[in-house]
>>> print(open('my_file.cif').read())   # mmCIF, C-alpha atoms
data_entry
#
loop_
_atom_site.label_atom_id
_atom_site.label_comp_id
_atom_site.auth_asym_id
_atom_site.auth_seq_id
_atom_site.Cartn_x
_atom_site.Cartn_y
_atom_site.Cartn_z
CA MET A 1 1.40 -51.59 -6.09
CA ILE A 2 2.17 -48.67 -8.40
CA THR A 3 3.00 -49.65 -11.98
CA ARG A 4 5.46 -47.81 -14.22
CA ARG A 5 2.54 -46.38 -16.19
CA GLY A 6 0.85 -45.26 -12.96
CA LEU A 7 4.05 -43.60 -11.78
CA LEU A 8 4.36 -41.73 -15.07
CA LYS A 9 0.77 -40.53 -14.73
CA ILE A 10 1.52 -39.23 -11.23
CA PHE A 11 4.61 -37.36 -12.42
CA GLY A 12 2.70 -36.02 -15.40
CA GLY A 13 -0.07 -34.80 -13.12
CA LEU A 14 2.41 -33.07 -10.81
CA ILE A 15 4.11 -31.34 -13.73
CA THR A 16 0.74 -30.21 -15.11
CA ALA A 17 -0.32 -28.95 -11.68
CA GLY A 18 2.97 -27.10 -11.35
CA PHE A 19 2.49 -25.37 -14.69
CA ALA A 20 -1.11 -24.52 -13.82
CA SER A 21 -0.12 -23.10 -10.43
CA SER A 22 2.67 -21.05 -12.00
CA ALA A 23 0.34 -19.68 -14.67
CA TYR A 24 -2.20 -18.74 -12.02
CA ALA A 25 0.41 -17.02 -9.82
CA VAL A 26 2.11 -15.14 -12.66
CA VAL A 27 -0.79 -14.33 -14.99
CA PHE A 28 -4.26 -14.80 -13.54
CA GLU A 29 -3.97 -13.52 -9.97
CA PRO A 30 -1.71 -10.47 -10.49
CA LEU A 31 -3.21 -9.44 -13.84
CA LEU A 32 -6.86 -10.44 -13.85
CA ARG A 33 -8.12 -10.45 -10.26
CA LEU A 34 -9.27 -7.48 -8.18
CA ARG A 35 -11.19 -7.66 -4.93
CA VAL A 36 -12.53 -5.16 -2.43
CA THR A 37 -11.71 -6.03 1.17
CA THR A 38 -13.80 -4.33 3.86
CA HIS A 39 -12.86 -3.65 7.49
CA ARG A 40 -15.51 -2.25 9.86
CA ILE A 41 -14.08 -0.61 12.97
CA VAL A 42 -15.35 1.45 15.88
CA PRO A 43 -12.21 2.77 17.58
CA SER A 44 -12.25 3.58 21.27
CA GLY A 45 -13.46 7.13 21.86
CA TRP A 46 -14.71 7.54 18.30
CA PRO A 47 -17.21 10.46 18.10
CA GLU A 48 -20.83 9.40 18.08
CA GLY A 49 -22.45 10.26 14.78
CA LEU A 50 -19.21 10.28 12.75
CA LYS A 51 -19.44 7.67 10.00
CA LEU A 52 -16.47 7.57 7.65
CA ARG A 53 -15.91 5.44 4.58
CA LEU A 54 -12.31 5.32 3.38
CA VAL A 55 -11.16 3.81 0.10
CA ALA A 56 -7.45 2.92 0.14
CA LEU A 57 -5.21 2.10 -2.84
CA ALA A 58 -1.71 0.83 -2.08
CA ASP A 59 1.38 -0.40 -3.92
CA ILE A 60 0.40 0.23 -7.52
CA HIS A 61 3.97 -0.34 -8.83
CA ALA A 62 3.24 0.99 -12.31
CA CYS A 63 4.87 -1.00 -15.12
CA GLU A 64 4.10 -2.94 -18.28
CA PRO A 65 2.46 -5.40 -18.61
CA TRP A 66 1.53 -5.96 -14.96
CA MET A 67 0.19 -2.53 -14.03
CA SER A 68 -0.25 -0.37 -17.10
CA ALA A 69 -1.66 3.14 -17.05
CA ARG A 70 -4.84 1.72 -18.60
CA ARG A 71 -5.24 -0.82 -15.81
CA ILE A 72 -4.52 1.82 -13.15
CA LYS A 73 -7.28 3.99 -14.59
CA ALA A 74 -9.72 1.05 -14.56
CA ILE A 75 -8.91 0.35 -10.89
CA CYS A 76 -9.41 4.02 -10.04
CA ASP A 77 -12.73 4.09 -11.91
CA HIS A 78 -13.85 1.14 -9.81
CA ALA A 79 -12.66 2.83 -6.62
CA ASN A 80 -14.86 5.81 -7.46
CA THR A 81 -17.94 3.57 -7.49
CA LEU A 82 -17.43 2.51 -3.84
CA ASP A 83 -18.94 5.74 -2.50
CA GLY A 84 -16.07 6.57 -0.15
CA ASP A 85 -16.01 9.82 1.80
CA LEU A 86 -12.33 10.10 0.99
CA ILE A 87 -9.75 8.18 -1.00
CA VAL A 88 -6.25 7.61 0.35
CA LEU A 89 -3.21 6.52 -1.64
CA LEU A 90 -0.70 4.63 0.49
CA GLY A 91 2.43 4.88 -1.62
CA ASP A 92 4.68 2.88 -3.99
CA TYR A 93 3.48 4.14 -7.34
CA ALA A 94 6.91 3.53 -8.94
CA SER A 95 7.67 -0.04 -9.97
CA GLY A 96 11.10 -1.02 -8.66
CA MET A 97 10.86 -4.39 -10.48
CA ASN A 98 13.15 -5.56 -13.29
CA LEU A 99 10.85 -8.24 -14.76
CA VAL A 100 8.90 -5.78 -16.91
CA THR A 101 8.51 -4.98 -20.58
CA ASP A 102 8.46 -1.23 -19.92
CA TYR A 103 8.15 1.28 -17.11
CA VAL A 104 5.24 3.70 -16.79
CA HIS A 105 6.37 7.31 -16.43
CA SER A 106 5.26 9.18 -13.32
CA GLN A 107 3.28 11.65 -15.42
CA ASP A 108 1.36 8.76 -16.96
CA TRP A 109 0.49 6.89 -13.76
CA ALA A 110 -0.44 10.17 -12.07
CA ARG A 111 -2.68 11.06 -15.00
CA ALA A 112 -4.33 7.63 -14.72
CA MET A 113 -5.18 8.45 -11.08
CA SER A 114 -6.29 12.00 -11.77
CA GLY A 115 -9.93 10.91 -12.15
CA LEU A 116 -10.17 9.73 -8.54
CA SER A 117 -12.85 11.68 -6.71
CA ALA A 118 -14.42 11.74 -3.25
CA PRO A 119 -16.37 14.36 -1.25
CA LEU A 120 -13.51 14.87 1.23
CA GLY A 121 -10.81 14.61 -1.39
CA VAL A 122 -8.01 12.32 -2.49
CA HIS A 123 -4.94 12.25 -0.25
CA ALA A 124 -1.57 10.59 -0.80
CA ILE A 125 1.60 9.56 0.95
CA LEU A 126 4.75 8.14 -0.64
CA GLY A 127 6.29 4.68 -0.31
CA ASN A 128 9.87 3.47 -0.23
CA HIS A 129 10.05 2.79 -3.99
CA ASP A 130 8.91 6.33 -4.75
CA TYR A 131 12.12 7.44 -3.05
CA TRP A 132 14.40 4.56 -4.07
CA GLU A 133 13.73 4.97 -7.81
CA ASP A 134 14.51 8.70 -7.62
CA ARG A 135 18.30 8.92 -7.82
CA THR A 136 18.20 12.71 -7.74
CA PHE A 137 16.45 12.56 -4.38
CA GLN A 138 18.86 9.92 -3.07
CA ARG A 139 21.79 12.23 -3.81
CA ASN A 140 19.98 15.30 -2.48
CA PRO A 141 17.10 14.54 -0.07
CA SER A 142 16.12 18.20 0.06
CA VAL A 143 14.52 18.06 -3.40
CA GLU A 144 10.96 17.02 -4.13
CA THR A 145 10.60 13.48 -5.50
CA PHE A 146 9.32 13.00 -9.03
CA GLY A 147 6.38 11.07 -7.58
CA GLU A 148 5.29 13.94 -5.37
CA THR A 149 5.67 16.38 -8.25
CA ALA A 150 3.54 14.19 -10.53
CA LEU A 151 0.74 13.73 -7.98
CA LYS A 152 0.58 17.42 -7.13
CA ALA A 153 0.48 18.27 -10.83
CA VAL A 154 -2.87 16.40 -11.15
CA GLY A 155 -4.28 17.97 -8.00
CA ILE A 156 -3.58 15.21 -5.46
CA PRO A 157 -1.97 16.54 -2.26
CA VAL A 158 0.91 14.55 -0.80
CA HIS A 159 1.27 14.54 2.97
CA VAL A 160 4.83 14.02 4.18
CA ASN A 161 4.86 14.37 7.97
CA LYS A 162 1.80 16.55 7.68
CA ALA A 163 -1.63 16.50 9.37
CA VAL A 164 -4.74 18.12 7.89
CA ARG A 165 -8.08 18.66 9.58
CA LEU A 166 -11.22 17.56 7.74
CA ARG A 167 -14.93 17.58 8.60
CA LYS A 168 -17.81 15.20 7.94
CA ASP A 169 -21.38 16.07 8.97
CA GLY A 170 -20.03 18.91 11.09
CA ILE A 171 -17.66 16.64 13.06
CA GLY A 172 -13.93 17.17 12.71
CA PHE A 173 -11.15 14.60 12.36
CA TRP A 174 -7.47 14.61 11.39
CA LEU A 175 -5.76 12.87 8.50
CA ALA A 176 -2.02 12.55 9.09
CA GLY A 177 0.51 11.36 6.51
CA LEU A 178 3.86 10.01 7.65
CA GLY A 179 7.09 10.26 5.69
CA ASP A 180 8.51 6.95 4.54
CA GLN A 181 10.48 4.91 7.06
CA LEU A 182 12.93 3.44 4.49
CA ALA A 183 13.27 6.37 2.11
CA LEU A 184 17.06 6.72 2.03
CA LEU A 185 19.19 3.97 0.50
CA PRO A 186 22.57 3.02 1.94
CA GLY A 187 25.70 3.26 -0.20
CA ALA A 188 29.03 5.05 -0.45
CA ARG A 189 27.75 7.15 -3.36
CA PHE A 190 25.03 8.50 -1.09
CA GLY A 191 27.21 8.81 1.99
CA ARG A 192 25.04 6.49 4.07
CA ARG A 193 25.85 3.17 5.73
CA THR A 194 22.31 2.05 6.46
CA PHE A 195 18.74 2.65 5.38
CA ALA A 196 17.23 5.81 6.85
CA GLY A 197 13.74 7.20 6.95
CA VAL A 198 12.27 10.65 6.44
CA ASP A 199 9.46 9.92 8.89
CA ASP A 200 8.85 12.16 11.90
CA LEU A 201 5.96 10.84 13.94
CA PRO A 202 6.24 13.32 16.86
CA ALA A 203 6.33 16.33 14.52
CA THR A 204 3.39 14.97 12.51
CA LEU A 205 1.17 14.42 15.54
CA ALA A 206 2.25 17.74 17.06
CA GLN A 207 0.22 19.43 14.33
CA VAL A 208 -2.97 17.92 15.78
CA SER A 209 -4.35 20.84 17.79
CA ASP A 210 -7.54 19.43 19.33
CA ASP A 211 -9.06 16.17 20.56
CA ALA A 212 -10.65 15.15 17.24
CA PRO A 213 -9.75 11.60 16.14
CA VAL A 214 -6.65 10.96 14.05
CA ILE A 215 -6.31 8.64 11.06
CA LEU A 216 -2.65 7.96 10.26
CA LEU A 217 -1.33 6.97 6.84
CA ALA A 218 2.02 5.16 7.09
CA HIS A 219 3.35 3.17 4.13
CA GLU A 220 5.21 0.56 6.20
CA PRO A 221 3.24 -0.99 9.08
CA ASP A 222 6.41 -1.43 11.19
CA ILE A 223 5.76 1.92 12.85
CA PHE A 224 2.64 0.52 14.53
CA PRO A 225 4.17 -0.44 17.91
CA ARG A 226 5.20 3.21 18.32
CA ILE A 227 1.79 4.66 17.47
CA PRO A 228 0.18 6.28 20.55
CA ASP A 229 -3.40 5.64 21.66
CA ARG A 230 -4.18 9.14 20.35
CA VAL A 231 -4.39 7.66 16.83
CA ALA A 232 -7.73 5.98 16.10
CA VAL A 233 -6.51 3.83 13.20
CA THR A 234 -3.36 3.43 11.11
CA LEU A 235 -3.58 2.51 7.41
CA SER A 236 -0.59 0.89 5.72
CA GLY A 237 0.52 -1.01 2.64
CA HIS A 238 4.04 -2.12 1.65
CA THR A 239 3.80 -5.83 2.48
CA HIS A 240 1.52 -6.92 -0.41
CA GLY A 241 0.28 -9.50 2.08
CA GLY A 242 3.56 -11.26 1.37
CA GLN A 243 2.44 -11.66 -2.30
CA VAL A 244 2.31 -15.41 -1.61
CA ARG A 245 -0.12 -16.26 1.19
CA LEU A 246 -1.28 -19.72 2.23
CA PHE A 247 -3.77 -20.39 5.02
CA GLY A 248 -3.22 -16.91 6.47
CA TYR A 249 0.58 -17.22 6.46
CA SER A 250 3.19 -15.63 4.18
CA PRO A 251 6.63 -17.25 3.98
CA VAL A 252 8.32 -13.94 3.08
CA VAL A 253 7.15 -10.56 4.41
CA PRO A 254 9.12 -7.30 3.98
CA SER A 255 8.80 -6.42 7.65
CA ARG A 256 11.02 -6.97 10.66
CA PHE A 257 7.89 -8.24 12.41
CA GLY A 258 7.22 -11.00 9.88
CA ASN A 259 3.58 -12.05 9.71
CA ARG A 260 2.58 -9.95 12.70
CA PHE A 261 1.67 -6.98 10.46
CA ALA A 262 1.64 -8.75 7.10
CA TYR A 263 -1.99 -8.24 6.19
CA GLY A 264 -5.48 -7.26 7.27
CA HIS A 265 -7.00 -5.75 10.40
CA VAL A 266 -4.68 -6.00 13.41
CA VAL A 267 -5.74 -5.01 16.93
CA GLU A 268 -3.13 -4.65 19.67
CA ASN A 269 -3.80 -3.12 23.06
CA GLY A 270 -6.97 -1.55 21.71
CA ARG A 271 -5.15 0.13 18.81
CA HIS A 272 -6.15 -0.56 15.20
CA LEU A 273 -4.01 -1.17 12.11
CA CYS A 274 -5.30 -2.01 8.62
CA VAL A 275 -2.71 -3.34 6.15
CA SER A 276 -3.70 -3.52 2.50
CA GLY A 277 -2.62 -6.40 0.30
CA GLY A 278 -1.91 -3.81 -2.37
CA LEU A 279 -2.40 -3.88 -6.11
CA GLY A 280 0.90 -4.45 -7.88
CA CYS A 281 3.97 -6.64 -7.47
CA SER A 282 7.48 -6.08 -6.18
CA ILE A 283 10.67 -8.10 -6.78
CA ALA A 284 8.80 -10.65 -8.94
CA PRO A 285 5.44 -10.54 -10.80
CA VAL A 286 3.89 -13.24 -8.65
CA ARG A 287 0.79 -13.31 -6.46
CA PHE A 288 -0.71 -16.43 -4.96
CA GLY A 289 -3.39 -16.32 -2.28
CA SER A 290 -3.00 -12.55 -2.09
CA PRO A 291 -4.91 -11.05 -5.04
CA PRO A 292 -4.76 -7.34 -5.84
CA GLU A 293 -7.20 -5.47 -3.65
CA ILE A 294 -8.83 -2.16 -2.89
CA MET A 295 -9.11 -1.75 0.88
CA PHE A 296 -12.35 -0.28 2.17
CA VAL A 297 -12.48 0.88 5.80
CA GLU A 298 -15.71 1.87 7.54
CA LEU A 299 -15.23 3.84 10.78
CA GLY A 300 -17.92 4.51 13.34
#
>>> encode(input="my_file.cif", output="structure tokens")
Amino acid sequence: MITRRGLLKIFGGLITAGFASSAYAVVFEPLLRLRVTTHRIVPSGWPEGLKLRLVALADIHACEPWMSARRIKAICDHANTLDGDLIVLLGDYASGMNLVTDYVHSQDWARAMSGLSAPLGVHAILGNHDYWEDRTFQRNPSVETFGETALKAVGIPVHVNKAVRLRKDGIGFWLAGLGDQLALLPGARFGRRTFAGVDDLPATLAQVSDDAPVILLAHEPDIFPRIPDRVAVTLSGHTHGGQVRLFGYSPVVPSRFGNRFAYGHVVENGRHLCVSGGLGCSIAPVRFGSPPEIMFVELG
């Protein structure tokens, strides 16, 4: 039989646990944790002798106090120590969150990433928030986004529906960057009724002129069912692993496929997708069971 005092102790314990869980989700996990998650893959038809190490940073969402320029630089310094052959940036550098004390200017977050270095270079794509937060672009999609301008100013190329050929140990491969699939916001002021993308997968892959393997960078993983077998692996971000993840399941995932492409290494019909849990937060500064991560992919 539970006494009144015992019942009060139970309620007190629940309240304490609730406060502790909230503090962990709002302060400790998003602000103080950082892990490196490794995926080792040998895609079908991968050239013998080609060993590639890719370091991927996704969803920085620069803002104070959650992802300051100082913290971005520290993450990038750590990424440099992982000995990657190339570093890829998977988009969403702009915050897009209202629960902040200040926003970090594009020149500042780009400068914080300017120290990234790898033998085969640093390569970037853009994410939906890099387009959504740029009202000039939304009114006139023919202009360059402020995010692309900032990255290029510090020497980081941005690949929008563009494929580039690289070589490692004398063996060639392609790195293809897809335009964002949700870049254009709906609204009467923009003259659009629905979201629209600037992605062009056929045009991007048409630039691949030989049979060397292709690595595709696509911010949203929802494109994956349309990716042909020609692509060895697709790297994505956007989902943040749901930001709240319990026992491998996220109750809310910004994808029309739900948990199917929410996080991690996904294999379907012999095709490979790696989805990063990302670094920053979107909508709310909360992470639980999905700590900020650098994704490390070993191919071959």
>>> residues_around(input="my_file.cif", residues="Phe173 in chain A", least_positions_apart="5", cutoff="9 Å", atoms="all atoms listed in the file", output="list in words")
Val164, Arg165, Leu166, Arg167, Lys168, Asp211, Ala212, Pro213, Val214 and Ile215 of chain A
>>> residues_around(input="my_file.cif", residues="Val88 in chain A", least_positions_apart="2", cutoff="6 Å", atoms="all atoms listed in the file", output="ChimeraX atom specification")
/A:56,122-124
>>> resolve_selection(input="my_file.cif", expression="the PyMOL selection byres ((chain A and resi 284-293) around 7)", output="VMD selection string")
chain A and resid 25 to 26 29 to 30 33 to 37 97 99 241 243 to 246 277 to 283 294 to 295
>>> residues_around(input="my_file.cif", residues="range 136-149 of chain A", least_positions_apart="4", cutoff="8 Å", atoms="all atoms listed in the file", output="list in words")
Tyr93, Ala94, Ser106, Leu126, Asp130, Tyr131, Trp132, Ala153, Val158, Leu184, Leu185, Arg189 and Phe190 of chain A
>>> write_last_selection(input="my_file.cif", atoms="C-alpha atoms", output="compact mmCIF listing (two decimals), in the frame of the given file")
# COMPACT_ATOMS: atom_id res chain seq x y z
CA TYR A 93 3.48 4.14 -7.34
CA ALA A 94 6.91 3.53 -8.94
CA SER A 106 5.26 9.18 -13.32
CA LEU A 126 4.75 8.14 -0.64
CA ASP A 130 8.91 6.33 -4.75
CA TYR A 131 12.12 7.44 -3.05
CA TRP A 132 14.40 4.56 -4.07
CA ALA A 153 0.48 18.27 -10.83
CA VAL A 158 0.91 14.55 -0.80
CA LEU A 184 17.06 6.72 2.03
CA LEU A 185 19.19 3.97 0.50
CA ARG A 189 27.75 7.15 -3.36
CA PHE A 190 25.03 8.50 -1.09
>>> closest_residue(input="my_file.cif", among="A:Gln181, A:Phe296, A:Glu220, A:Leu54", to="Phe195 in chain A", atoms="all atoms listed in the file")
A:Gln181
>>> closest_residue(input="my_file.cif", among="A:Gly242, A:Tyr103, A:Leu151, A:Pro228", to="Ala69 in chain A", atoms="all atoms listed in the file")
A:Tyr103
>>> closest_residue(input="my_file.cif", among="A:Gly121, A:Ala188, A:Gly170, A:Arg71", to="Pro157 in chain A", atoms="only C-alpha atoms")
A:Gly121
>>> resolve_selection(input="my_file.cif", expression="the PyMOL selection byres ((chain A and resi 197) around 6)", output="list of chain:residue names")
A:Asp180, A:Gln181, A:Leu182, A:Ala183, A:Leu184, A:Ala196, A:Val198, A:Asp199
>>> resolve_selection(input="my_file.cif", expression="the PyMOL selection byres ((chain A and resi 116-118) around 12)", output="PyMOL selection string")
chain A and resi 52-57+72-89+110-115+119-124+151+154-156
>>> atom_distance(input="my_file.cif", atom1="CA of Gly91 in chain A", atom2="CA of Ile60 in chain A")
7.8 Å
>>> residues_around(input="my_file.cif", residues="Lys51 in chain A", least_positions_apart="2", cutoff="7 Å", atoms="all atoms listed in the file", output="PyMOL selection string")
chain A and resi 49+53+299-300
>>> decode(input="my_file.cif", residues="range 237-272 of chain A", atoms="N, CA and C atoms", output="PDB file, in the first residue's frame")
ATOM      1  N   GLY A 237      22.082  14.662 -45.249  1.00  0.00           N
ATOM      2  CA  GLY A 237      21.868  15.165 -43.898  1.00  0.00           C
ATOM      3  C   GLY A 237      20.392  15.447 -43.705  1.00  0.00           C
ATOM      4  N   HIS A 238      20.071  16.662 -43.268  1.00  0.00           N
ATOM      5  CA  HIS A 238      18.715  17.212 -43.223  1.00  0.00           C
ATOM      6  C   HIS A 238      17.855  16.696 -42.078  1.00  0.00           C
ATOM      7  N   THR A 239      17.871  15.416 -41.787  1.00  0.00           N
ATOM      8  CA  THR A 239      16.931  14.852 -40.823  1.00  0.00           C
ATOM      9  C   THR A 239      17.333  15.057 -39.367  1.00  0.00           C
ATOM     10  N   HIS A 240      18.619  15.263 -39.108  1.00  0.00           N
ATOM     11  CA  HIS A 240      19.169  15.354 -37.747  1.00  0.00           C
ATOM     12  C   HIS A 240      18.907  14.068 -36.962  1.00  0.00           C
ATOM     13  N   GLY A 241      18.640  12.983 -37.668  1.00  0.00           N
ATOM     14  CA  GLY A 241      18.261  11.750 -36.987  1.00  0.00           C
ATOM     15  C   GLY A 241      16.943  11.871 -36.260  1.00  0.00           C
ATOM     16  N   GLY A 242      16.148  12.901 -36.626  1.00  0.00           N
ATOM     17  CA  GLY A 242      14.907  13.179 -35.928  1.00  0.00           C
ATOM     18  C   GLY A 242      15.088  14.118 -34.742  1.00  0.00           C
ATOM     19  N   GLN A 243      16.343  14.378 -34.347  1.00  0.00           N
ATOM     20  CA  GLN A 243      16.736  15.159 -33.165  1.00  0.00           C
ATOM     21  C   GLN A 243      16.370  14.459 -31.858  1.00  0.00           C
ATOM     22  N   VAL A 244      15.251  13.776 -31.826  1.00  0.00           N
ATOM     23  CA  VAL A 244      14.886  12.939 -30.680  1.00  0.00           C
ATOM     24  C   VAL A 244      14.778  11.511 -31.200  1.00  0.00           C
ATOM     25  N   ARG A 245      15.598  10.620 -30.647  1.00  0.00           N
ATOM     26  CA  ARG A 245      15.680   9.258 -31.176  1.00  0.00           C
ATOM     27  C   ARG A 245      15.764   8.264 -30.032  1.00  0.00           C
ATOM     28  N   LEU A 246      14.798   7.368 -29.976  1.00  0.00           N
ATOM     29  CA  LEU A 246      14.726   6.387 -28.892  1.00  0.00           C
ATOM     30  C   LEU A 246      14.657   4.983 -29.472  1.00  0.00           C
ATOM     31  N   PHE A 247      15.617   4.153 -29.085  1.00  0.00           N
ATOM     32  CA  PHE A 247      15.656   2.758 -29.511  1.00  0.00           C
ATOM     33  C   PHE A 247      15.601   2.636 -31.054  1.00  0.00           C
ATOM     34  N   GLY A 248      16.337   3.532 -31.732  1.00  0.00           N
ATOM     35  CA  GLY A 248      16.402   3.478 -33.183  1.00  0.00           C
ATOM     36  C   GLY A 248      15.195   4.046 -33.889  1.00  0.00           C
ATOM     37  N   TYR A 249      14.320   4.727 -33.171  1.00  0.00           N
ATOM     38  CA  TYR A 249      13.098   5.282 -33.770  1.00  0.00           C
ATOM     39  C   TYR A 249      12.977   6.756 -33.419  1.00  0.00           C
ATOM     40  N   SER A 250      12.586   7.576 -34.411  1.00  0.00           N
ATOM     41  CA  SER A 250      12.349   8.998 -34.188  1.00  0.00           C
ATOM     42  C   SER A 250      10.871   9.309 -34.401  1.00  0.00           C
ATOM     43  N   PRO A 251      10.208   9.907 -33.425  1.00  0.00           N
ATOM     44  CA  PRO A 251       8.784  10.189 -33.577  1.00  0.00           C
ATOM     45  C   PRO A 251       8.473  11.214 -34.661  1.00  0.00           C
ATOM     46  N   VAL A 252       9.401  12.132 -34.917  1.00  0.00           N
ATOM     47  CA  VAL A 252       9.192  13.160 -35.947  1.00  0.00           C
ATOM     48  C   VAL A 252      10.434  13.222 -36.826  1.00  0.00           C
ATOM     49  N   VAL A 253      10.251  13.004 -38.122  1.00  0.00           N
ATOM     50  CA  VAL A 253      11.359  13.059 -39.083  1.00  0.00           C
ATOM     51  C   VAL A 253      10.928  13.941 -40.261  1.00  0.00           C
ATOM     52  N   PRO A 254      11.728  14.943 -40.635  1.00  0.00           N
ATOM     53  CA  PRO A 254      11.371  15.801 -41.759  1.00  0.00           C
ATOM     54  C   PRO A 254      11.611  15.117 -43.104  1.00  0.00           C
ATOM     55  N   SER A 255      10.857  14.076 -43.348  1.00  0.00           N
ATOM     56  CA  SER A 255      10.969  13.297 -44.579  1.00  0.00           C
ATOM     57  C   SER A 255       9.622  12.650 -44.863  1.00  0.00           C
ATOM     58  N   ARG A 256       9.247  12.616 -46.121  1.00  0.00           N
ATOM     59  CA  ARG A 256       7.979  11.955 -46.456  1.00  0.00           C
ATOM     60  C   ARG A 256       8.067  10.443 -46.281  1.00  0.00           C
ATOM     61  N   PHE A 257       9.278   9.935 -46.073  1.00  0.00           N
ATOM     62  CA  PHE A 257       9.468   8.507 -45.843  1.00  0.00           C
ATOM     63  C   PHE A 257       9.582   8.157 -44.358  1.00  0.00           C
ATOM     64  N   GLY A 258       9.411   9.128 -43.487  1.00  0.00           N
ATOM     65  CA  GLY A 258       9.477   8.848 -42.057  1.00  0.00           C
ATOM     66  C   GLY A 258      10.829   8.308 -41.646  1.00  0.00           C
ATOM     67  N   ASN A 259      10.827   7.224 -40.875  1.00  0.00           N
ATOM     68  CA  ASN A 259      12.066   6.659 -40.349  1.00  0.00           C
ATOM     69  C   ASN A 259      12.863   5.857 -41.369  1.00  0.00           C
ATOM     70  N   ARG A 260      12.313   5.658 -42.544  1.00  0.00           N
ATOM     71  CA  ARG A 260      13.005   4.846 -43.549  1.00  0.00           C
ATOM     72  C   ARG A 260      14.401   5.394 -43.861  1.00  0.00           C
ATOM     73  N   PHE A 261      14.521   6.720 -43.975  1.00  0.00           N
ATOM     74  CA  PHE A 261      15.812   7.342 -44.272  1.00  0.00           C
ATOM     75  C   PHE A 261      16.200   8.339 -43.182  1.00  0.00           C
ATOM     76  N   ALA A 262      15.784   8.069 -41.952  1.00  0.00           N
ATOM     77  CA  ALA A 262      15.999   9.046 -40.888  1.00  0.00           C
ATOM     78  C   ALA A 262      17.451   9.179 -40.474  1.00  0.00           C
ATOM     79  N   TYR A 263      18.180   8.049 -40.505  1.00  0.00           N
ATOM     80  CA  TYR A 263      19.533   8.102 -39.937  1.00  0.00           C
ATOM     81  C   TYR A 263      20.330   6.862 -40.308  1.00  0.00           C
ATOM     82  N   GLY A 264      21.641   7.064 -40.481  1.00  0.00           N
ATOM     83  CA  GLY A 264      22.571   5.951 -40.582  1.00  0.00           C
ATOM     84  C   GLY A 264      22.758   5.390 -41.978  1.00  0.00           C
ATOM     85  N   HIS A 265      23.327   4.194 -42.033  1.00  0.00           N
ATOM     86  CA  HIS A 265      23.630   3.514 -43.288  1.00  0.00           C
ATOM     87  C   HIS A 265      22.416   2.689 -43.715  1.00  0.00           C
ATOM     88  N   VAL A 266      21.866   3.029 -44.866  1.00  0.00           N
ATOM     89  CA  VAL A 266      20.691   2.350 -45.412  1.00  0.00           C
ATOM     90  C   VAL A 266      21.103   1.649 -46.704  1.00  0.00           C
ATOM     91  N   VAL A 267      20.731   0.390 -46.840  1.00  0.00           N
ATOM     92  CA  VAL A 267      21.000  -0.366 -48.061  1.00  0.00           C
ATOM     93  C   VAL A 267      19.675  -0.842 -48.634  1.00  0.00           C
ATOM     94  N   GLU A 268      19.402  -0.472 -49.875  1.00  0.00           N
ATOM     95  CA  GLU A 268      18.184  -0.908 -50.558  1.00  0.00           C
ATOM     96  C   GLU A 268      18.537  -1.338 -51.973  1.00  0.00           C
ATOM     97  N   ASN A 269      18.194  -2.560 -52.292  1.00  0.00           N
ATOM     98  CA  ASN A 269      18.459  -3.100 -53.635  1.00  0.00           C
ATOM     99  C   ASN A 269      19.925  -2.937 -54.036  1.00  0.00           C
ATOM    100  N   GLY A 270      20.809  -3.119 -53.064  1.00  0.00           N
ATOM    101  CA  GLY A 270      22.236  -3.024 -53.327  1.00  0.00           C
ATOM    102  C   GLY A 270      22.773  -1.612 -53.421  1.00  0.00           C
ATOM    103  N   ARG A 271      21.918  -0.612 -53.213  1.00  0.00           N
ATOM    104  CA  ARG A 271      22.364   0.783 -53.264  1.00  0.00           C
ATOM    105  C   ARG A 271      22.556   1.308 -51.851  1.00  0.00           C
ATOM    106  N   HIS A 272      23.535   2.196 -51.676  1.00  0.00           N
ATOM    107  CA  HIS A 272      23.939   2.651 -50.346  1.00  0.00           C
ATOM    108  C   HIS A 272      23.610   4.126 -50.119  1.00  0.00           C
TER     109      HIS A 272
END
